[in-house]
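S.K.: Structure: data17.cif, mmCIF, C-alpha atoms.
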data_model
loop_
_atom_site.label_atom_id
_atom_site.label_comp_id
_atom_site.auth_asym_id
_atom_site.auth_seq_id
_atom_site.Cartn_x
_atom_site.Cartn_y
_atom_site.Cartn_z
CA MET A 1 -18.51 -17.68 18.27
CA ILE A 2 -17.45 -18.39 14.72
CA ASP A 3 -17.21 -22.13 14.24
CA SER A 4 -17.60 -22.77 10.51
CA GLY A 5 -17.56 -21.13 7.11
CA PHE A 6 -20.01 -21.19 4.22
CA GLU A 7 -20.08 -20.80 0.46
CA THR A 8 -21.83 -18.64 -2.08
CA THR A 9 -21.77 -19.02 -5.86
CA SER A 10 -18.52 -17.07 -6.20
CA LEU A 11 -16.65 -17.47 -2.92
CA ARG A 12 -15.99 -19.38 0.26
CA MET A 13 -16.11 -17.82 3.70
CA THR A 14 -13.30 -19.59 5.55
CA LEU A 15 -12.43 -19.66 9.24
CA LEU A 16 -9.04 -17.91 9.58
CA LEU A 17 -7.05 -15.95 12.14
CA LEU A 18 -6.66 -12.19 11.79
CA VAL A 19 -3.25 -11.11 13.09
CA THR A 20 -2.76 -7.42 13.79
CA PHE A 21 0.28 -5.60 15.10
CA GLN A 22 1.30 -1.99 15.65
CA ALA A 23 4.78 -0.72 14.80
CA PRO A 24 6.68 2.31 13.59
CA ALA A 25 6.18 2.51 9.81
CA ALA A 26 9.95 2.20 9.29
CA ASP A 27 9.92 -1.25 10.97
CA VAL A 28 7.10 -2.83 8.94
CA ASP A 29 9.16 -4.25 6.05
CA ARG A 30 11.58 -5.97 8.44
CA ILE A 31 8.72 -7.44 10.49
CA MET A 32 6.78 -8.58 7.42
CA ASP A 33 9.90 -10.22 5.95
CA ALA A 34 10.11 -12.28 9.16
CA VAL A 35 6.40 -13.18 8.87
CA VAL A 36 6.49 -14.28 5.22
CA ALA A 37 9.58 -16.40 5.89
CA ILE A 38 7.15 -18.56 7.92
CA ALA A 39 3.80 -18.04 6.17
CA PRO A 40 3.46 -16.77 2.57
CA LEU A 41 0.18 -14.93 3.34
CA ALA A 42 -1.36 -16.39 0.21
CA MET A 43 -4.80 -15.44 -1.08
CA GLY A 44 -5.75 -17.06 -4.37
CA LYS A 45 -3.15 -16.16 -6.98
CA TYR A 46 -1.48 -13.55 -4.73
CA ASP A 47 0.92 -13.75 -1.81
CA ARG A 48 2.31 -11.35 0.84
CA ASN A 49 -1.25 -10.09 1.40
CA ALA A 50 -1.52 -7.62 4.26
CA TYR A 51 -3.09 -4.27 5.06
CA GLN A 52 -1.21 -1.30 6.53
CA SER A 53 -3.09 1.65 8.01
CA ALA A 54 -2.25 5.30 7.64
CA HIS A 55 0.17 6.77 10.18
CA GLY A 56 -1.24 7.34 13.62
CA ILE A 57 0.01 8.35 17.05
CA GLU A 58 0.79 5.74 19.65
CA ARG A 59 0.32 6.84 23.28
CA TYR A 60 2.05 5.24 26.26
CA ARG A 61 3.95 5.93 29.47
CA PRO A 62 6.96 3.83 30.52
CA LEU A 63 6.73 2.41 34.05
CA ASP A 64 9.35 0.96 36.42
CA GLY A 65 11.20 -1.84 34.65
CA ALA A 66 10.64 -0.47 31.15
CA ALA A 67 13.75 -0.25 28.96
CA ALA A 68 13.28 3.54 28.79
CA GLY A 69 12.98 3.80 32.56
CA ALA A 70 9.96 5.13 34.43
CA GLU A 71 8.59 8.46 33.20
CA THR A 72 5.93 10.77 34.54
CA GLU A 73 4.86 12.23 31.18
CA LEU A 74 2.79 10.46 28.55
CA ARG A 75 4.71 9.74 25.34
CA ARG A 76 3.13 10.31 21.94
CA ARG A 77 4.94 8.59 19.09
CA PRO A 78 3.88 9.70 15.58
CA GLY A 79 4.36 7.52 12.53
CA THR A 80 2.97 4.32 14.05
CA VAL A 81 0.89 2.07 11.80
CA GLU A 82 -1.28 -0.99 12.23
CA VAL A 83 -0.69 -3.99 9.99
CA SER A 84 -3.10 -6.90 9.63
CA PHE A 85 -3.06 -10.16 7.73
CA GLU A 86 -4.78 -13.53 7.74
CA LEU A 87 -3.45 -16.96 8.69
CA PRO A 88 -4.96 -20.42 8.56
CA ASP A 89 -6.67 -21.43 11.80
CA ASP A 90 -3.54 -23.21 13.08
CA GLN A 91 -2.34 -22.41 16.59
CA ALA A 92 1.19 -23.79 16.03
CA LEU A 93 1.62 -21.61 12.93
CA ALA A 94 0.19 -18.59 14.75
CA ALA A 95 2.65 -19.13 17.61
CA ARG A 96 5.60 -19.18 15.19
CA VAL A 97 4.38 -16.03 13.44
CA VAL A 98 3.79 -14.15 16.72
CA GLU A 99 7.29 -15.10 17.90
CA ALA A 100 8.74 -13.86 14.58
CA ILE A 101 6.91 -10.54 14.98
CA PHE A 102 8.20 -10.20 18.53
CA GLN A 103 11.81 -10.95 17.54
CA ALA A 104 11.77 -8.54 14.55
CA HIS A 105 9.93 -5.76 16.40
CA SER A 106 11.76 -2.78 17.91
CA TYR A 107 9.46 -2.53 20.96
CA GLN A 108 9.97 -4.13 24.35
CA GLU A 109 6.21 -4.81 24.53
CA PRO A 110 4.80 -4.97 20.98
CA VAL A 111 1.04 -4.85 20.47
CA ILE A 112 0.03 -8.10 18.72
CA ARG A 113 -3.57 -9.30 18.50
CA ILE A 114 -5.15 -12.45 17.04
CA GLN A 115 -8.87 -12.81 16.34
CA PRO A 116 -10.84 -15.63 14.71
CA ILE A 117 -12.65 -14.39 11.59
CA LEU A 118 -14.56 -15.56 8.56
CA ALA A 119 -12.73 -14.31 5.46
CA SER A 120 -13.66 -14.53 1.81
CA ARG A 121 -11.74 -16.61 -0.71
CA SER A 122 -12.69 -16.51 -4.36
CA LYS A 123 -13.54 -19.80 -6.03
CA GLY A 124 -11.51 -18.60 -9.03
CA LEU A 125 -14.44 -18.52 -11.41
CA ASP A 126 -14.03 -16.86 -14.78
CA ASP A 127 -15.25 -13.31 -14.17
CA ARG A 128 -13.33 -11.55 -16.94
CA ALA A 129 -16.62 -10.09 -18.23
CA ASN A 130 -17.65 -8.64 -14.84
CA PRO A 131 -17.96 -4.87 -15.52
CA ASN A 132 -16.96 -4.04 -11.93
CA ARG A 133 -13.52 -5.66 -12.03
CA TRP A 134 -10.53 -3.30 -12.19
CA TRP A 135 -9.41 -4.64 -15.55
CA ASN A 136 -12.80 -3.62 -17.03
CA THR A 137 -12.87 -0.15 -15.48
CA THR A 138 -9.76 1.92 -14.80
CA GLY A 139 -7.19 -0.80 -15.49
CA ASP A 140 -4.19 -1.62 -13.36
CA TRP A 141 -3.78 1.17 -10.77
CA LYS A 142 -0.01 0.62 -10.70
CA LYS A 143 0.36 1.10 -14.48
CA VAL A 144 -1.97 4.12 -14.42
CA ALA A 145 0.07 5.70 -11.61
CA ALA A 146 3.36 5.03 -13.46
CA SER A 147 2.15 6.61 -16.72
CA ALA A 148 0.80 9.65 -14.85
CA THR A 149 4.24 10.10 -13.26
CA GLU A 150 5.96 9.80 -16.65
CA THR A 151 3.76 12.47 -18.26
CA ALA A 152 4.08 14.90 -15.35
#
Will you turn the file into structure tokens for me?

M.R.:
Amino acid sequence: MIDSGFETTSLRMTLLLLVTFQAPAADVDRIMDAVVAIAPLAMGKYDRNAYQSAHGIERYRPLDGAAAGAETELRRRPGTVEVSFELPDDQALAARVVEAIFQAHSYQEPVIRIQPILASRSKGLDDRANPNRWWNTTGDWKKVAASATETA
């Protein structure tokens, strides 16, 4: 069981909650807007931090009582993604976020998971000279992508 964090020279490993949900890709922005209305998902000098997987296929079969009605065949829904983000280890906050996901979600029974984790947080040290940082290698991926589009 994870019960405490630790520090290194450059970062802190902090006890947080990892929230993960599955949804159709088209629903993610609406769900995440509901989440960040409650928790900014801040990480250092950034906010709205989350990860979204590539599209996958969700598999399920509606049973008696499901909104779709009972079915005998297995459904396979393409275009489903998994989204994850971190929250402070605060059960009241987690409850509000889970309720917001549920209310914004299009499913009758959304898949929402919460796990305790240790997650890194930079101490904000001056690492401008670190040769491995993006600003010392390829530069800002967003600016590189934009200029490649303009020259194409």

S.K.: Pick the closest to Leu87 of chain A from A:Met13, A:Ala39, A:Leu74, A:Ile101: which is it, counting all atoms listed in the file?

M.R.: A:Ala39

S.K.: For this structure, which residues satisfy the selection - the PyMOL selection byres ((chain A and resi 9) around 10) - when it is evaluated on the file as given? I want them as a VMD selection string.

M.R.: chain A and resid 7 to 8 10 to 12 122 to 123 125

S.K.: Which value, in Å to one decimal, gives the distance between atom CA of Asp29 of chain A and atom CA of His105 of chain A?

M.R.: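 Result for atom CA of Asp29 of chain A versus atom CA of His105 of chain A: 10.5 Å, one decimal.
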
S.K.: Taking (5.2, -18.3, 12.9) in the file's coordinates as the center, which residues reach within 12 Å of it, counting all atoms listed in the file, put as a VMD selection string?

M.R.: chain A and resid 19 31 to 41 87 to 88 90 to 104

S.K.: Using the chain letters and numbers from this file, what does the PyMOL selection byres ((chain A and resi 58) around 7) select? Give the answer as a list in words.

M.R.: Gly56, Ile57, Arg59, Tyr60, Arg76, Arg77, Pro78 and Thr80 of chain A

S.K.: Generate the output file for the selected residues, C-alpha atoms, as a PDB file, in the coordinates of the input.

M.R.:
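And here is the file that came out, again_0.pdb:
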ATOM      1  CA  GLY A  56      -1.240   7.340  13.620  1.00  0.00           C
ATOM      2  CA  ILE A  57       0.010   8.350  17.050  1.00  0.00           C
ATOM      3  CA  ARG A  59       0.320   6.840  23.280  1.00  0.00           C
ATOM      4  CA  TYR A  60       2.050   5.240  26.260  1.00  0.00           C
ATOM      5  CA  ARG A  76       3.130  10.310  21.940  1.00  0.00           C
ATOM      6  CA  ARG A  77       4.940   8.590  19.090  1.00  0.00           C
ATOM      7  CA  PRO A  78       3.880   9.700  15.580  1.00  0.00           C
ATOM      8  CA  THR A  80       2.970   4.320  14.050  1.00  0.00           C
TER       9      THR A  80
END

S.K.: Nearest to Arg75 of chain A: which of A:Asn130, A:Ala23, A:Ala42, A:Pro62 is it, counting all atoms listed in the file?

M.R.: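 Checking each of A:Asn130, A:Ala23, A:Ala42, A:Pro62 against Arg75 of chain A, counting all atoms listed in the file, the winner is A:Pro62.
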
S.K.: Which residues are close to Val81 of chain A, i.e. within 8 Å by all atoms listed in the file, leaving aside same-chain residues fewer than 5 positions away? Reply as a list of chain:residue names.

M.R.: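 Within the cut-off, the hits are A:Gln22, A:Ala23, A:Pro24, A:Ala25, A:Gln52, A:Ser53, A:Ala54, A:His55, A:Gly56.
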
S.K.: Could you please determine the separation between atom CA of Gly5 of chain A and atom CA of Ala119 of chain A in Å, to one decimal place?

M.R.: 8.5 Å

S.K.: Spell out the residues picked by the PyMOL selection byres ((chain A and resi 115) around 12) here, as a list in words.

M.R.: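 Selected by the PyMOL selection byres ((chain A and resi 115) around 12) here: Met1, Ile2, Leu15, Leu16, Leu17, Leu18, Val19, Thr20, Phe21, Ser84, Phe85, Glu86, Leu87, Pro88, Asp89, Gln91, Ala94, Ile112, Arg113, Ile114, Pro116, Ile117, Leu118 and Ala119 of chain A.
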